[in-house]
Amino acid sequence: MQDYEPVRLDPSQRVQAGKVLARAFHDDPLYRLVLPDEGKRARLASWLFERVVRYALLYGQVYTTPVLEGVACWLPPGQTRITVGRAVHSGLYATPLKMGLAAY
């Protein structure tokens, strides 16, 4: 039986965590609406979620399972607003350029 006790994500696992989230949300109705083209959604989702994970590592907490089968990103209460400085520092600033203004 596998251990599913949450553990803190090591920053070196950021890319892999982004891929896990991209797979998990690939068919999510919101992401299908934001990126209706399945090929574009598949290409950009890992990029986007890797930055989301980076943001949460910088300004909150990220948890996973011991073998990285799931990911949970947490921001503390009162710290959920994405500021320009934080967007630049985490790489989220490039989202409208990478995904297109309509998707953003």
# chains A, B, ... in the order shown; residues from 1 in each chain; ligands from 1
call {"tool": "residues_around", "arguments": {"residues": "Ile82 (chain A)", "least_positions_apart": "4", "cutoff": "10 Å", "atoms": "only C-alpha atoms", "output": "list of chain:residue names"}}
result
A:Tyr55, A:Tyr59, A:Arg86, A:Ala87, A:Val88, A:Leu92, A:Tyr93
call {"tool": "residues_around", "arguments": {"residues": "Glu50 (chain A)", "least_positions_apart": "2", "cutoff": "9 Å", "atoms": "only C-alpha atoms", "output": "ChimeraX atom specification"}}
result
/A:14-19,21-22,45-48,52-55
call {"tool": "write_last_selection", "arguments": {"atoms": "N, CA, C and O atoms", "output": "short mmCIF file (atom, residue, chain, number, x, y, z; two decimals), in the first residue's frame"}}
result
data_model
loop_
_atom_site.label_atom_id
_atom_site.label_comp_id
_atom_site.auth_asym_id
_atom_site.auth_seq_id
_atom_site.Cartn_x
_atom_site.Cartn_y
_atom_site.Cartn_z
N ARG A 14 9.50 21.34 -9.23
CA ARG A 14 8.53 22.30 -9.77
C ARG A 14 8.05 21.91 -11.17
O ARG A 14 6.85 21.95 -11.45
N VAL A 15 8.95 21.57 -12.05
CA VAL A 15 8.57 21.23 -13.43
C VAL A 15 7.68 20.00 -13.44
O VAL A 15 6.64 19.98 -14.11
N GLN A 16 8.06 18.99 -12.71
CA GLN A 16 7.26 17.76 -12.65
C GLN A 16 5.88 18.05 -12.04
O GLN A 16 4.88 17.54 -12.52
N ALA A 17 5.82 18.89 -11.02
CA ALA A 17 4.54 19.24 -10.41
C ALA A 17 3.65 19.98 -11.41
O ALA A 17 2.44 19.76 -11.46
N GLY A 18 4.24 20.86 -12.20
CA GLY A 18 3.48 21.56 -13.24
C GLY A 18 2.87 20.59 -14.24
O GLY A 18 1.73 20.75 -14.67
N LYS A 19 3.61 19.55 -14.59
CA LYS A 19 3.10 18.54 -15.52
C LYS A 19 1.96 17.74 -14.90
O LYS A 19 0.99 17.41 -15.59
N LEU A 21 -0.16 18.82 -12.62
CA LEU A 21 -1.34 19.69 -12.63
C LEU A 21 -1.89 19.87 -14.03
O LEU A 21 -3.11 19.90 -14.23
N ALA A 22 -1.03 19.97 -15.02
CA ALA A 22 -1.48 20.12 -16.41
C ALA A 22 -2.31 18.90 -16.83
O ALA A 22 -3.36 19.06 -17.47
N ALA A 45 -0.36 24.24 -20.96
CA ALA A 45 -0.78 23.96 -19.59
C ALA A 45 0.41 23.69 -18.66
O ALA A 45 0.46 24.22 -17.56
N SER A 46 1.37 22.91 -19.11
CA SER A 46 2.54 22.65 -18.26
C SER A 46 3.30 23.93 -17.97
O SER A 46 3.76 24.15 -16.85
N TRP A 47 3.45 24.77 -18.99
CA TRP A 47 4.13 26.06 -18.82
C TRP A 47 3.42 26.89 -17.75
O TRP A 47 4.03 27.42 -16.84
N LEU A 48 2.09 27.00 -17.88
CA LEU A 48 1.31 27.79 -16.95
C LEU A 48 1.38 27.22 -15.53
O LEU A 48 1.67 27.95 -14.58
N VAL A 52 2.51 28.60 -11.79
CA VAL A 52 1.61 28.60 -10.63
C VAL A 52 2.30 27.93 -9.44
O VAL A 52 2.25 28.45 -8.32
N VAL A 53 2.95 26.82 -9.68
CA VAL A 53 3.67 26.13 -8.61
C VAL A 53 4.80 27.02 -8.09
O VAL A 53 4.99 27.14 -6.87
N ARG A 54 5.53 27.66 -8.98
CA ARG A 54 6.61 28.56 -8.55
C ARG A 54 6.05 29.68 -7.68
O ARG A 54 6.61 30.02 -6.64
N TYR A 55 4.92 30.26 -8.11
CA TYR A 55 4.29 31.32 -7.34
C TYR A 55 3.95 30.84 -5.93
O TYR A 55 4.24 31.50 -4.93
#
call {"tool": "select_by_dssp", "arguments": {"residues": "region 46-95 of chain A", "states": "strand (DSSP E or B)", "output": "NGL selection string"}}
result
:A and (61-64 or 71-74)
call {"tool": "write_last_selection", "arguments": {"atoms": "N, CA, C and O atoms", "output": "mmCIF file, in the first residue's frame"}}
result
data_model
loop_
_atom_site.group_PDB
_atom_site.id
_atom_site.type_symbol
_atom_site.label_atom_id
_atom_site.label_comp_id
_atom_site.auth_asym_id
_atom_site.auth_seq_id
_atom_site.Cartn_x
_atom_site.Cartn_y
_atom_site.Cartn_z
ATOM 1 N N GLN A 61 2.583 27.702 0.069
ATOM 2 C CA GLN A 61 3.095 26.356 0.298
ATOM 3 C C GLN A 61 2.583 25.438 -0.800
ATOM 4 O O GLN A 61 1.483 25.637 -1.319
ATOM 5 N N VAL A 62 3.379 24.436 -1.107
ATOM 6 C CA VAL A 62 2.970 23.430 -2.097
ATOM 7 C C VAL A 62 3.210 22.055 -1.479
ATOM 8 O O VAL A 62 4.282 21.782 -0.937
ATOM 9 N N TYR A 63 2.197 21.215 -1.575
ATOM 10 C CA TYR A 63 2.266 19.863 -1.049
ATOM 11 C C TYR A 63 2.044 18.866 -2.176
ATOM 12 O O TYR A 63 1.407 19.172 -3.188
ATOM 13 N N THR A 64 2.578 17.679 -1.975
ATOM 14 C CA THR A 64 2.417 16.599 -2.927
ATOM 15 C C THR A 64 2.366 15.284 -2.154
ATOM 16 O O THR A 64 2.417 15.283 -0.925
ATOM 17 N N VAL A 71 -0.816 17.353 -6.516
ATOM 18 C CA VAL A 71 -0.194 18.600 -6.082
ATOM 19 C C VAL A 71 -1.277 19.516 -5.533
ATOM 20 O O VAL A 71 -2.352 19.636 -6.123
ATOM 21 N N ALA A 72 -0.989 20.177 -4.421
ATOM 22 C CA ALA A 72 -1.890 21.176 -3.843
ATOM 23 C C ALA A 72 -1.085 22.439 -3.570
ATOM 24 O O ALA A 72 -0.068 22.388 -2.881
ATOM 25 N N CYS A 73 -1.536 23.558 -4.131
ATOM 26 C CA CYS A 73 -0.882 24.856 -3.935
ATOM 27 C C CYS A 73 -1.739 25.680 -2.983
ATOM 28 O O CYS A 73 -2.950 25.802 -3.204
ATOM 29 N N TRP A 74 -1.118 26.241 -1.950
ATOM 30 C CA TRP A 74 -1.836 26.999 -0.938
ATOM 31 C C TRP A 74 -1.221 28.382 -0.788
ATOM 32 O O TRP A 74 -0.007 28.528 -0.701
#
call {"tool": "select_by_dssp", "arguments": {"residues": "chain A", "states": "alpha helix (DSSP H)", "output": "ChimeraX atom specification"}}
result
/A:14-25,29-34,38-59,84-90,95-99
call {"tool": "atom_distance", "arguments": {"atom1": "CA of Arg32 (chain A)", "atom2": "CA of Ala94 (chain A)"}}
result
20.1 Å
